[in-house]
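Engineer: Sharing structure-v6.tsv here; it has TSV, C-alpha atoms and all ligand atoms.
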```tsv
chain	number	residue	atom	x	y	z
A	851	MET	CA	45.38	-16.71	-23.02
A	852	ARG	CA	46.65	-16.06	-19.50
A	853	VAL	CA	48.01	-12.94	-17.88
A	854	LEU	CA	49.96	-12.72	-14.65
A	855	GLY	CA	49.11	-9.54	-12.71
A	856	ILE	CA	51.33	-7.89	-10.09
A	857	GLU	CA	50.18	-5.13	-7.71
A	858	THR	CA	52.71	-3.30	-5.50
A	859	SER	CA	51.52	0.33	-5.53
A	860	CYS	CA	51.14	0.72	-1.76
A	861	ASP	CA	51.09	-1.67	1.20
A	862	GLU	CA	49.68	-4.84	-0.36
A	863	THR	CA	51.58	-7.28	-2.55
A	864	GLY	CA	49.02	-8.83	-4.89
A	865	VAL	CA	49.62	-11.49	-7.54
A	866	ALA	CA	46.95	-13.14	-9.68
A	867	ILE	CA	46.54	-15.11	-12.89
A	868	TYR	CA	43.60	-14.35	-15.18
A	869	ASP	CA	42.55	-16.69	-17.99
A	870	ASP	CA	40.31	-15.22	-20.70
A	871	GLN	CA	38.24	-18.45	-20.83
A	872	GLN	CA	38.21	-19.60	-17.22
A	873	GLY	CA	38.52	-16.33	-15.29
A	874	LEU	CA	40.69	-16.09	-12.18
A	875	LEU	CA	42.98	-19.08	-11.72
A	876	ALA	CA	44.84	-17.76	-8.68
A	877	ASN	CA	44.67	-14.64	-6.53
A	878	HIS	CA	47.25	-14.16	-3.77
A	879	ILE	CA	47.56	-11.19	-1.48
A	880	TYR	CA	50.02	-10.32	1.24
A	881	SER	CA	49.10	-7.34	3.40
A	882	GLN	CA	51.86	-5.28	5.06
A	883	VAL	CA	49.41	-3.85	7.59
A	884	ARG	CA	51.31	-5.19	10.62
A	885	LEU	CA	54.58	-3.77	9.34
A	886	HIS	CA	53.20	-0.22	9.10
A	887	ALA	CA	50.77	-0.26	12.05
A	888	TYR	CA	53.58	0.59	14.48
A	889	TYR	CA	54.22	3.85	12.60
A	890	GLY	CA	50.51	4.71	12.16
A	891	GLY	CA	50.80	4.87	8.35
A	892	VAL	CA	52.65	3.49	5.34
A	893	VAL	CA	56.43	3.97	5.43
A	894	PRO	CA	57.38	3.90	1.71
A	895	GLU	CA	60.89	2.49	2.14
A	896	LEU	CA	59.64	-0.35	4.36
A	897	ALA	CA	56.84	-1.00	1.88
A	898	SER	CA	59.18	-1.37	-1.07
A	899	ARG	CA	61.59	-3.62	0.83
A	900	ASP	CA	58.74	-5.86	1.84
A	901	HIS	CA	57.46	-6.00	-1.76
A	902	VAL	CA	60.98	-7.16	-2.73
A	903	ARG	CA	60.67	-10.00	-0.22
A	904	LYS	CA	57.15	-11.07	-1.13
A	905	THR	CA	56.59	-10.55	-4.88
A	906	VAL	CA	58.56	-13.51	-6.29
A	907	PRO	CA	57.32	-16.06	-3.68
A	908	LEU	CA	53.74	-14.94	-4.36
A	909	ILE	CA	54.26	-15.40	-8.12
A	910	GLN	CA	55.57	-18.91	-7.47
A	911	ALA	CA	52.58	-19.64	-5.24
A	912	ALA	CA	50.11	-18.34	-7.86
A	913	LEU	CA	51.69	-20.39	-10.66
A	914	SER	CA	51.69	-23.49	-8.51
A	915	GLU	CA	48.06	-23.01	-7.38
A	916	ALA	CA	47.00	-22.65	-11.01
A	917	GLY	CA	49.13	-25.65	-12.01
A	918	LEU	CA	50.95	-23.51	-14.59
A	919	GLN	CA	54.52	-22.89	-15.70
A	920	ALA	CA	56.21	-19.86	-17.22
A	921	LYS	CA	55.49	-21.09	-20.77
A	922	ASP	CA	51.73	-20.93	-20.05
A	923	ILE	CA	51.77	-17.17	-19.42
A	924	ASP	CA	51.01	-14.88	-22.39
A	925	GLY	CA	51.62	-11.52	-20.74
A	926	VAL	CA	52.76	-9.94	-17.48
A	927	ALA	CA	50.80	-6.95	-16.15
A	928	TYR	CA	52.02	-4.74	-13.34
A	929	THR	CA	50.73	-1.60	-11.66
A	930	ALA	CA	52.72	1.29	-13.14
A	931	GLY	CA	50.93	4.03	-11.17
A	932	PRO	CA	49.58	5.99	-9.47
A	933	GLY	CA	51.14	5.07	-6.14
A	934	LEU	CA	54.34	5.20	-4.11
A	935	VAL	CA	57.26	5.36	-6.52
A	936	SER	CA	59.57	3.00	-4.63
A	937	ALA	CA	56.77	0.48	-4.16
A	938	LEU	CA	55.66	0.68	-7.81
A	939	MET	CA	59.25	0.11	-8.94
A	940	VAL	CA	59.30	-3.36	-7.39
A	941	GLY	CA	56.29	-4.76	-9.26
A	942	ALA	CA	57.32	-2.95	-12.44
A	943	THR	CA	60.87	-4.30	-12.35
A	944	VAL	CA	59.85	-7.86	-11.52
A	945	GLY	CA	57.02	-7.78	-14.08
A	946	SER	CA	59.14	-6.37	-16.88
A	947	ALA	CA	62.05	-8.70	-16.18
A	948	LEU	CA	59.83	-11.80	-16.14
A	949	ALA	CA	58.08	-10.74	-19.35
A	950	TYR	CA	61.49	-10.17	-20.97
A	951	ALA	CA	62.79	-13.57	-19.85
A	952	TRP	CA	59.56	-15.28	-20.95
A	953	ARG	CA	59.50	-13.33	-24.27
A	954	VAL	CA	55.96	-12.06	-23.77
A	955	PRO	CA	54.52	-8.53	-23.59
A	956	ASP	CA	54.60	-6.54	-20.37
A	957	ILE	CA	51.57	-4.40	-19.66
A	958	ALA	CA	51.82	-1.21	-17.56
A	959	VAL	CA	48.46	-0.95	-15.78
A	960	HIS	CA	46.80	2.11	-14.22
A	961	HIS	CA	45.87	1.17	-10.65
A	962	MET	CA	42.56	3.09	-10.73
A	963	GLU	CA	41.55	1.43	-14.01
A	964	GLY	CA	42.09	-1.82	-12.11
A	965	HIS	CA	39.68	-0.70	-9.38
A	966	LEU	CA	37.21	0.66	-11.93
A	967	LEU	CA	37.05	-2.60	-13.90
A	968	ALA	CA	37.15	-4.96	-10.89
A	969	PRO	CA	33.34	-5.51	-11.08
A	970	MET	CA	33.97	-7.11	-14.51
A	971	LEU	CA	35.40	-10.09	-12.59
A	972	GLU	CA	31.97	-10.76	-11.07
A	973	ALA	CA	29.16	-12.97	-12.37
A	974	ASN	CA	26.93	-10.06	-13.44
A	975	PRO	CA	29.27	-7.38	-14.74
A	976	PRO	CA	27.93	-3.92	-15.64
A	977	ALA	CA	27.45	-3.03	-19.31
A	978	PHE	CA	28.85	0.25	-20.62
A	979	PRO	CA	28.14	3.13	-20.20
A	980	PHE	CA	28.10	3.75	-16.45
A	981	VAL	CA	29.13	6.20	-13.76
A	982	ALA	CA	31.98	5.00	-11.52
A	983	LEU	CA	32.66	6.19	-8.00
A	984	LEU	CA	36.25	5.33	-7.06
A	985	VAL	CA	36.86	5.58	-3.32
A	986	SER	CA	40.28	4.51	-2.08
A	987	GLY	CA	42.97	5.66	0.31
A	988	ALA	CA	44.25	8.25	-2.14
A	989	HIS	CA	41.35	8.95	-4.53
A	990	THR	CA	37.70	9.97	-4.47
A	991	GLN	CA	36.54	10.37	-8.04
A	992	LEU	CA	33.35	10.27	-10.08
A	993	ILE	CA	33.92	9.17	-13.65
A	994	ALA	CA	31.71	8.80	-16.70
A	995	VAL	CA	32.75	5.53	-18.33
A	996	THR	CA	31.64	4.98	-21.93
A	997	GLY	CA	34.00	2.07	-22.68
A	998	ILE	CA	37.36	0.65	-21.69
A	999	GLY	CA	39.82	3.52	-21.60
A	1000	LYS	CA	37.06	6.09	-22.24
A	1001	TYR	CA	37.00	7.93	-18.94
A	1002	GLN	CA	35.78	11.44	-18.26
A	1003	LEU	CA	36.38	12.88	-14.81
A	1004	LEU	CA	33.12	14.36	-13.47
A	1005	GLY	CA	34.36	15.34	-10.02
A	1006	GLU	CA	36.94	14.51	-7.37
A	1007	SER	CA	38.03	15.41	-3.89
A	1008	ILE	CA	39.67	18.81	-3.62
A	1009	ASP	CA	41.51	17.71	-0.45
A	1010	ASP	CA	41.51	14.39	1.45
A	1011	ALA	CA	40.32	11.16	-0.13
A	1012	ALA	CA	37.44	9.35	1.63
A	1013	GLY	CA	39.71	6.49	2.76
A	1014	GLU	CA	42.31	8.93	4.06
A	1015	ALA	CA	39.60	10.69	6.12
A	1016	PHE	CA	38.45	7.31	7.51
A	1017	ASP	CA	42.03	6.45	8.48
A	1018	LYS	CA	42.72	9.83	10.13
A	1019	ILE	CA	39.53	9.82	12.22
A	1020	ALA	CA	40.17	6.20	13.18
A	1021	LYS	CA	43.61	7.23	14.43
A	1022	LEU	CA	42.05	9.96	16.59
A	1023	LEU	CA	39.72	7.31	18.00
A	1024	GLY	CA	42.80	5.31	19.01
A	1025	LEU	CA	42.38	2.64	16.33
A	1026	ASN	CA	45.28	1.00	14.50
A	1027	TYR	CA	46.32	1.69	10.90
A	1028	PRO	CA	44.57	1.33	8.50
A	1029	GLY	CA	41.63	2.46	10.54
A	1030	GLY	CA	38.85	2.47	7.91
A	1031	PRO	CA	37.67	-1.11	8.49
A	1032	LEU	CA	38.15	-0.82	12.30
A	1033	LEU	CA	36.20	2.44	12.47
A	1034	SER	CA	33.44	0.78	10.51
A	1035	ARG	CA	33.40	-2.12	12.96
A	1036	ILE	CA	32.92	0.09	16.05
A	1037	ALA	CA	30.36	2.23	14.18
A	1038	GLN	CA	28.07	-0.83	14.17
A	1039	GLN	CA	27.66	-0.36	17.93
A	1040	GLY	CA	27.06	3.39	17.54
A	1041	VAL	CA	23.72	5.13	18.08
A	1042	ALA	CA	22.60	6.89	14.90
A	1043	GLY	CA	21.82	10.56	15.38
A	1044	ARG	CA	23.55	11.05	18.74
A	1045	TYR	CA	26.01	13.21	16.83
A	1046	ILE	CA	25.28	14.74	13.46
A	1047	PHE	CA	28.17	15.68	11.19
A	1048	PRO	CA	28.03	17.87	8.06
A	1049	ARG	CA	27.59	16.46	4.54
A	1050	PRO	CA	30.27	18.58	2.85
A	1051	MET	CA	29.61	20.34	-0.45
A	1052	THR	CA	26.19	18.79	-0.89
A	1053	ASP	CA	24.39	22.16	-0.53
A	1054	ARG	CA	25.92	23.55	-3.73
A	1055	PRO	CA	25.93	22.28	-7.29
A	1056	GLY	CA	28.81	20.23	-8.66
A	1057	LEU	CA	30.38	16.83	-8.27
A	1058	ASN	CA	33.55	17.61	-6.33
A	1059	PHE	CA	34.11	16.39	-2.78
A	1060	SER	CA	35.88	17.81	0.24
A	1061	PHE	CA	36.50	15.77	3.37
A	1062	SER	CA	38.90	17.97	5.32
A	1063	GLY	CA	36.16	20.09	6.96
A	1064	LEU	CA	34.28	16.96	8.01
A	1065	LYS	CA	37.53	15.59	9.38
A	1066	THR	CA	38.10	18.75	11.46
A	1067	PHE	CA	34.48	18.66	12.68
A	1068	ALA	CA	34.92	15.04	13.76
A	1069	ALA	CA	38.30	15.80	15.38
A	1070	ASN	CA	36.81	18.69	17.37
A	1071	THR	CA	33.95	16.45	18.50
A	1072	ILE	CA	36.38	13.74	19.63
A	1073	ASN	CA	38.33	16.32	21.65
A	1074	ALA	CA	35.17	17.63	23.31
A	1075	VAL	CA	33.44	14.38	24.30
A	1076	ALA	CA	34.03	11.61	26.84
A	1077	ARG	CA	36.52	8.88	25.92
A	1078	ASP	CA	34.36	5.86	26.63
A	1079	ALA	CA	33.72	3.08	24.11
A	1080	GLN	CA	30.05	3.97	23.50
A	1081	THR	CA	30.83	7.63	22.77
A	1082	HIS	CA	33.59	6.59	20.37
A	1083	ALA	CA	31.19	4.20	18.65
A	1084	ASP	CA	28.60	7.02	18.35
A	1085	VAL	CA	31.20	9.36	16.83
A	1086	ALA	CA	32.35	6.63	14.42
A	1087	ARG	CA	28.72	6.08	13.40
A	1088	ALA	CA	28.15	9.82	12.83
A	1089	PHE	CA	31.32	10.03	10.73
A	1090	GLU	CA	30.54	6.96	8.63
A	1091	ASP	CA	26.94	8.12	8.07
A	1092	ALA	CA	28.16	11.55	6.94
A	1093	VAL	CA	30.66	10.08	4.45
A	1094	VAL	CA	28.17	7.54	3.08
A	1095	ASP	CA	25.37	10.14	2.72
A	1096	THR	CA	27.74	12.56	0.99
A	1097	LEU	CA	28.90	9.90	-1.47
A	1098	ALA	CA	25.29	8.79	-2.11
A	1099	ILE	CA	24.12	12.35	-2.80
A	1100	LYS	CA	26.95	12.92	-5.28
A	1101	CYS	CA	26.39	9.57	-7.00
A	1102	SER	CA	22.69	10.38	-7.52
A	1103	ARG	CA	23.65	13.78	-8.83
A	1104	ALA	CA	26.19	12.26	-11.25
A	1105	LEU	CA	23.53	9.86	-12.58
A	1106	ASP	CA	21.09	12.78	-13.00
A	1107	GLN	CA	23.70	14.90	-14.75
A	1108	THR	CA	24.84	12.21	-17.19
A	1109	GLY	CA	21.47	10.50	-17.67
A	1110	LEU	CA	23.20	7.15	-17.05
A	1111	ARG	CA	21.37	4.38	-15.17
A	1112	ARG	CA	24.23	2.22	-13.89
A	1113	LEU	CA	26.67	2.96	-11.09
A	1114	VAL	CA	29.90	1.15	-10.27
A	1115	ILE	CA	31.48	1.67	-6.85
A	1116	ALA	CA	35.02	0.40	-6.35
A	1117	GLY	CA	38.22	1.01	-4.38
A	1118	GLY	CA	39.04	0.13	-0.76
A	1119	VAL	CA	36.26	2.16	0.89
A	1120	SER	CA	33.64	0.31	-1.18
A	1121	ALA	CA	34.35	-2.74	1.01
A	1122	ASN	CA	32.44	-0.81	3.70
A	1123	GLN	CA	29.24	-2.71	4.44
A	1124	THR	CA	27.17	0.31	5.50
A	1125	LEU	CA	28.11	2.09	2.28
A	1126	ARG	CA	27.24	-0.97	0.17
A	1127	THR	CA	23.82	-1.44	1.74
A	1128	ARG	CA	22.79	2.20	1.95
A	1129	ILE	CA	23.88	3.26	-1.54
A	1130	LYS	CA	22.33	0.14	-3.07
A	1131	GLU	CA	18.97	1.08	-1.46
A	1132	ILE	CA	19.15	4.67	-2.65
A	1133	ILE	CA	20.19	3.79	-6.20
A	1134	GLU	CA	17.61	1.03	-6.55
A	1135	GLN	CA	14.88	3.37	-5.29
A	1136	ARG	CA	15.70	5.55	-8.29
A	1137	GLY	CA	15.20	2.49	-10.52
A	1138	ASP	CA	18.94	2.44	-11.31
A	1139	LYS	CA	21.49	-0.34	-10.71
A	1140	VAL	CA	24.64	-0.42	-8.63
A	1141	PHE	CA	27.58	-2.81	-9.06
A	1142	TYR	CA	30.28	-3.55	-6.49
A	1143	PRO	CA	33.18	-5.97	-6.68
A	1144	ARG	CA	33.19	-8.55	-3.85
A	1145	PRO	CA	34.88	-6.95	-0.79
A	1146	GLU	CA	38.28	-8.63	-1.35
A	1147	LEU	CA	38.38	-7.18	-4.87
A	1148	CYS	CA	37.51	-3.67	-3.55
A	1149	THR	CA	40.80	-3.29	-1.68
A	1150	ASP	CA	44.10	-3.56	-3.55
A	1151	ASN	CA	44.65	-6.89	-5.29
A	1152	GLY	CA	46.47	-8.50	-8.20
A	1153	ALA	CA	43.28	-9.83	-9.83
A	1154	MET	CA	42.16	-6.43	-11.10
A	1155	ILE	CA	45.64	-5.82	-12.53
A	1156	ALA	CA	45.69	-9.20	-14.30
A	1157	TYR	CA	42.22	-8.46	-15.71
A	1158	VAL	CA	43.20	-5.05	-17.13
A	1159	GLY	CA	46.40	-6.68	-18.43
A	1160	MET	CA	44.31	-9.17	-20.40
A	1161	ILE	CA	42.13	-6.40	-21.85
A	1162	ARG	CA	45.18	-4.37	-22.89
A	1163	LEU	CA	47.39	-7.29	-23.96
A	1164	PRO	CA	46.57	-7.04	-27.71
A	1165	SER	CA	47.99	-3.50	-27.87
A	1166	CYS	CA	51.23	-4.38	-26.04
A	1167	VAL	CA	54.55	-5.54	-27.45
A	1168	LYS	CA	57.17	-7.97	-26.14
A	1169	SER	CA	58.96	-6.60	-23.10
A	1170	GLN	CA	61.86	-4.31	-23.94
A	1171	LEU	CA	62.89	-4.19	-20.29
A	1172	THR	CA	62.11	-0.47	-20.10
A	1173	VAL	CA	60.60	0.20	-16.70
A	1174	THR	CA	58.59	3.38	-16.32
A	1175	VAL	CA	56.37	4.11	-13.37
A	1176	ARG	CA	54.05	7.10	-12.92
A	1177	PRO	CA	53.36	8.06	-9.29
A	1178	ARG	CA	50.82	10.59	-10.63
A	1179	TRP	CA	48.74	9.55	-13.61
A	1180	SER	CA	45.31	10.71	-14.75
A	1181	LEU	CA	42.78	8.10	-15.87
A	1182	GLU	CA	41.78	10.45	-18.70
A	1183	GLU	CA	45.18	9.89	-20.36
A	1184	LEU	CA	44.50	6.21	-21.02
A	1185	THR	CA	43.88	5.00	-24.55
A	1186	ALA	CA	40.54	3.51	-25.51
A	1187	VAL	CA	40.31	-0.23	-26.17
A	1188	VAL	CA	37.86	-1.49	-28.77
A	1189	THR	CA	36.25	-4.70	-27.50
A	1201	LIG	O1	41.97	0.77	-2.68
A	1201	LIG	P1	42.74	0.62	-1.42
A	1201	LIG	O2	42.93	-0.78	-0.87
A	1201	LIG	O3	44.16	1.25	-1.56
A	1201	LIG	C1	44.39	2.43	-2.27
A	1201	LIG	O4	44.42	2.36	-3.53
A	1201	LIG	O5	44.46	3.47	-1.59
A	1201	LIG	O6	42.01	1.53	-0.33
A	1201	LIG	C2	42.50	1.59	0.98
A	1201	LIG	C3	41.58	2.47	1.78
A	1201	LIG	C4	42.12	2.74	3.19
A	1201	LIG	O7	41.98	4.12	3.46
A	1201	LIG	C5	41.19	1.89	4.07
A	1201	LIG	O8	41.03	2.39	5.37
A	1201	LIG	C6	39.91	1.98	3.29
A	1201	LIG	O9	40.29	1.86	1.92
A	1201	LIG	N1	38.98	0.90	3.64
A	1201	LIG	C7	37.81	1.09	4.28
A	1201	LIG	C8	37.26	-0.19	4.50
A	1201	LIG	N2	38.11	-1.12	3.96
A	1201	LIG	C9	39.16	-0.43	3.45
A	1201	LIG	N3	37.21	2.22	4.69
A	1201	LIG	C10	36.03	2.09	5.32
A	1201	LIG	N4	35.44	0.91	5.57
A	1201	LIG	C11	36.00	-0.25	5.18
A	1201	LIG	N5	35.40	-1.42	5.42
A	1202	ZN	ZN	43.83	0.92	-4.56
```
Will you turn the file into structure tokens for me?
Structural biologist:
Amino acid sequence: MRVLGIETSCDETGVAIYDDQQGLLANHIYSQVRLHAYYGGVVPELASRDHVRKTVPLIQAALSEAGLQAKDIDGVAYTAGPGLVSALMVGATVGSALAYAWRVPDIAVHHMEGHLLAPMLEANPPAFPFVALLVSGAHTQLIAVTGIGKYQLLGESIDDAAGEAFDKIAKLLGLNYPGGPLLSRIAQQGVAGRYIFPRPMTDRPGLNFSFSGLKTFAANTINAVARDAQTHADVARAFEDAVVDTLAIKCSRALDQTGLRRLVIAGGVSANQTLRTRIKEIIEQRGDKVFYPRPELCTDNGAMIAYVGMIRLPSCVKSQLTVTVRPRWSLEELTAVVT
């Protein structure tokens, strides 16, 4: 069985084909970063127009790379939410229409379930149950995962998401959008400990996060210090260290609270190398295990959508051409899948 997956929830057009025997057969991504960089953030209308331009050519490229034709596809999965409504509509409309024309089911996929299950595409996937930390541009969530579709929210950010905080501080440091990866790059040259930023909400019980105070602290520091490259690198380092420490403390706490011994970290920010190394050390010191997708499957991609599509295909019916997207959508609303 093969599922075509389409991701258009934000500023990346992703298309992939997943085969339940052979794994990923194709995985194509087109990033709109250059389109939005001029504006310093994603412009939804430009994003959706660009998805319109890129989605069908990427599907053709994926089919041709995999050496497949329409008749070889058993289901079409698309990201139905959460995300930007006009961007979601593109993948949903194309996905539904193709599934209708090909007389196969269409599968409306939750973007965060895609991130959460992305480590299943790796050679050593985690077994259930586990704790998942989802860190993306719009979400910072800790989830107890007891099976596919069995998600209990343990904690989340009460204000900015971790990725959003990375992008905002990067902007103040004069870096282009999306600044997360660029901030991380200059942080490598930074001197640890020259500046020390707070680890928000770690001094009180609970599993929620807050990054807006840290963001203000970093912004005030940037305004008060010299504007040379080394100082900026030191600030970037202090900011990255504070975010990574905060996430690590909350992950350890979530493992303690649930008694679980496996941790999955996914979503765009989990591509961050400092985060990957440091949290791995901390979790392994506890005798627990951490699982990350490879970096290109941490950021938005079609592969994770095709994978979830395959898992959910048995419960889906032939496309009726009814397109529904959900810009806001809780993971806890998903139905469980018996595997
Ligand atoms: O999951 P994702 O690709 O899109 C959303 O679902 O939001 O996450 C994008 C976020 C952006 O905020 C981006 O700056 C951040 O992930 N990000 C990083 C890194 N790579 C991507 N943040 C820090 N370090 C990175 N290496
Ligand atoms: Zn995402």
Engineer: Counting all atoms listed in the file, what residues are within 10 Å of ligand LIG 1201 (chain A), given as a compact mmCIF listing (two decimals) with C-alpha atoms, in the coordinates of the input?
Structural biologist:
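selection_4.txt, freshly written:
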```
# COMPACT_ATOMS: atom_id res chain seq x y z
CA SER A 859 51.52 0.33 -5.53
CA CYS A 860 51.14 0.72 -1.76
CA ASP A 861 51.09 -1.67 1.20
CA GLU A 862 49.68 -4.84 -0.36
CA SER A 881 49.10 -7.34 3.40
CA PRO A 932 49.58 5.99 -9.47
CA GLY A 933 51.14 5.07 -6.14
CA HIS A 961 45.87 1.17 -10.65
CA MET A 962 42.56 3.09 -10.73
CA GLY A 964 42.09 -1.82 -12.11
CA HIS A 965 39.68 -0.70 -9.38
CA LEU A 984 36.25 5.33 -7.06
CA VAL A 985 36.86 5.58 -3.32
CA SER A 986 40.28 4.51 -2.08
CA GLY A 987 42.97 5.66 0.31
CA ALA A 988 44.25 8.25 -2.14
CA HIS A 989 41.35 8.95 -4.53
CA THR A 990 37.70 9.97 -4.47
CA ALA A 1011 40.32 11.16 -0.13
CA ALA A 1012 37.44 9.35 1.63
CA GLY A 1013 39.71 6.49 2.76
CA GLU A 1014 42.31 8.93 4.06
CA ALA A 1015 39.60 10.69 6.12
CA PHE A 1016 38.45 7.31 7.51
CA ASP A 1017 42.03 6.45 8.48
CA LYS A 1018 42.72 9.83 10.13
CA ALA A 1020 40.17 6.20 13.18
CA TYR A 1027 46.32 1.69 10.90
CA PRO A 1028 44.57 1.33 8.50
CA GLY A 1029 41.63 2.46 10.54
CA GLY A 1030 38.85 2.47 7.91
CA PRO A 1031 37.67 -1.11 8.49
CA LEU A 1032 38.15 -0.82 12.30
CA LEU A 1033 36.20 2.44 12.47
CA SER A 1034 33.44 0.78 10.51
CA ARG A 1035 33.40 -2.12 12.96
CA GLU A 1090 30.54 6.96 8.63
CA VAL A 1093 30.66 10.08 4.45
CA VAL A 1094 28.17 7.54 3.08
CA ALA A 1116 35.02 0.40 -6.35
CA GLY A 1117 38.22 1.01 -4.38
CA GLY A 1118 39.04 0.13 -0.76
CA VAL A 1119 36.26 2.16 0.89
CA SER A 1120 33.64 0.31 -1.18
CA ALA A 1121 34.35 -2.74 1.01
CA ASN A 1122 32.44 -0.81 3.70
CA GLN A 1123 29.24 -2.71 4.44
CA THR A 1124 27.17 0.31 5.50
CA LEU A 1125 28.11 2.09 2.28
CA ARG A 1126 27.24 -0.97 0.17
CA PRO A 1145 34.88 -6.95 -0.79
CA GLU A 1146 38.28 -8.63 -1.35
CA LEU A 1147 38.38 -7.18 -4.87
CA CYS A 1148 37.51 -3.67 -3.55
CA THR A 1149 40.80 -3.29 -1.68
CA ASP A 1150 44.10 -3.56 -3.55
CA ASN A 1151 44.65 -6.89 -5.29
```
Engineer: Between atom CA of Phe1141 of chain A and atom CA of Pro976 of chain A, what is the spacing in Å?
Structural biologist: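 About the pair atom CA of Pro976 of chain A and atom CA of Phe1141 of chain A: they are 6.7 Å apart.
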Engineer: At a cut-off of 10 Å, using all atoms listed in the file, what residues contact Arg953 of chain A? Leave out same-chain residues fewer than 3 positions from it and give the result as a list in words.
Structural biologist: Lys921, Ile923, Asp924, Gly925, Ala947, Leu948, Ala949, Tyr950, Asp956, Val1167, Lys1168, Ser1169 and Gln1170 of chain A
Engineer: To one decimal place, how far is atom CA of Leu1097 of chain A from atom CA of Leu1064 of chain A in Å?
Structural biologist: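 Atom-to-atom, atom CA of Leu1097 of chain A to atom CA of Leu1064 of chain A, that is 13.0 Å.
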Engineer: Go through A:Ala1092, A:Ala1153, A:Ala1083, A:Ile1161 and flag the residue nearest ligand ZN 1202 (chain A), using all atoms listed in the file for the distances.
Structural biologist: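 Using all atoms listed in the file, the shortest distance to ligand ZN 1202 (chain A) belongs to A:Ala1153.
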Engineer: For segment 905-918 of chain A, work out the shell of residues within 12 Å, counting only C-alpha atoms and skipping chain neighbours fewer than 5 positions away, then give it as a short mmCIF file (atom, residue, chain, number, x, y, z; two decimals) with C-alpha atoms, in the coordinates of the input.
Structural biologist:
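Generated file (selection-v3.cif):
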```cif
data_model
loop_
_atom_site.label_atom_id
_atom_site.label_comp_id
_atom_site.auth_asym_id
_atom_site.auth_seq_id
_atom_site.Cartn_x
_atom_site.Cartn_y
_atom_site.Cartn_z
CA ARG A 852 46.65 -16.06 -19.50
CA VAL A 853 48.01 -12.94 -17.88
CA LEU A 854 49.96 -12.72 -14.65
CA GLY A 855 49.11 -9.54 -12.71
CA ILE A 856 51.33 -7.89 -10.09
CA GLU A 857 50.18 -5.13 -7.71
CA THR A 858 52.71 -3.30 -5.50
CA GLU A 862 49.68 -4.84 -0.36
CA THR A 863 51.58 -7.28 -2.55
CA GLY A 864 49.02 -8.83 -4.89
CA VAL A 865 49.62 -11.49 -7.54
CA ALA A 866 46.95 -13.14 -9.68
CA ILE A 867 46.54 -15.11 -12.89
CA TYR A 868 43.60 -14.35 -15.18
CA ASP A 869 42.55 -16.69 -17.99
CA GLN A 872 38.21 -19.60 -17.22
CA GLY A 873 38.52 -16.33 -15.29
CA LEU A 874 40.69 -16.09 -12.18
CA LEU A 875 42.98 -19.08 -11.72
CA ALA A 876 44.84 -17.76 -8.68
CA ASN A 877 44.67 -14.64 -6.53
CA HIS A 878 47.25 -14.16 -3.77
CA ILE A 879 47.56 -11.19 -1.48
CA TYR A 880 50.02 -10.32 1.24
CA SER A 881 49.10 -7.34 3.40
CA ALA A 897 56.84 -1.00 1.88
CA SER A 898 59.18 -1.37 -1.07
CA ARG A 899 61.59 -3.62 0.83
CA ASP A 900 58.74 -5.86 1.84
CA ILE A 923 51.77 -17.17 -19.42
CA ASP A 924 51.01 -14.88 -22.39
CA VAL A 926 52.76 -9.94 -17.48
CA TYR A 928 52.02 -4.74 -13.34
CA ALA A 937 56.77 0.48 -4.16
CA LEU A 938 55.66 0.68 -7.81
CA MET A 939 59.25 0.11 -8.94
CA VAL A 940 59.30 -3.36 -7.39
CA GLY A 941 56.29 -4.76 -9.26
CA ALA A 942 57.32 -2.95 -12.44
CA THR A 943 60.87 -4.30 -12.35
CA VAL A 944 59.85 -7.86 -11.52
CA GLY A 945 57.02 -7.78 -14.08
CA ALA A 947 62.05 -8.70 -16.18
CA LEU A 948 59.83 -11.80 -16.14
CA GLY A 1152 46.47 -8.50 -8.20
CA ALA A 1153 43.28 -9.83 -9.83
#
```
Engineer: Tell me, in Å to one decimal, how far atom CA of Thr1127 of chain A is from atom CA of Val1158 of chain A.
Structural biologist: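 Separation of atom CA of Thr1127 of chain A and atom CA of Val1158 of chain A: 27.3 Å.
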Engineer: Between A:Arg1162, A:His960, A:Arg1178, A:Lys1000, single out the one closest to ligand ZN 1202 (chain A), counting only C-alpha atoms and all ligand atoms.
Structural biologist: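 Among the listed residues, A:His960 lies closest to ligand ZN 1202 (chain A).
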Engineer: Write out as a list of chain:residue names each polymer residue whose atoms come within 10 Å of Ile1036 of chain A, counting only C-alpha atoms; drop sequence neighbours fewer than 5 positions from it.
Structural biologist: A:Ala1020, A:Leu1025, A:Pro1031, A:Ala1079, A:Gln1080, A:His1082, A:Ala1083, A:Asp1084, A:Val1085, A:Ala1086, A:Arg1087
Engineer: Have a look at A:Asn1073, A:Thr1108, A:Asn1058, A:Thr929 and name the one nearest to Thr996 of chain A; count all atoms listed in the file.
Structural biologist: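 Ranked by minimum distance to Thr996 of chain A, first place goes to A:Thr1108.
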Engineer: Hey, what's within 12 Å of Asp1095 of chain A if we count only C-alpha atoms and toss same-chain stuff fewer than 3 positions away? As a count of residues only, please?
Structural biologist: 27
Engineer: Looking at A:Thr1096, A:Gln991, A:Thr1185, A:Gln871, which one is nearest to Gly1005 of chain A, with distances taken over only C-alpha atoms?
Structural biologist: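 Counting only C-alpha atoms, the residue closest to Gly1005 of chain A is A:Gln991.
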Engineer: Just the residues within 8 Å of Leu967 of chain A, please, counting only C-alpha atoms, with nothing from its chain fewer than 4 positions along; format it as a list in words.
Structural biologist: Glu963, Leu971, Met1154 and Val1158 of chain A
Engineer: Using only C-alpha atoms and all ligand atoms, find the one residue out of A:Val1175, A:Leu934, A:Ala994, A:Ala920 that sits nearest to ligand ZN 1202 (chain A).
Structural biologist: A:Leu934
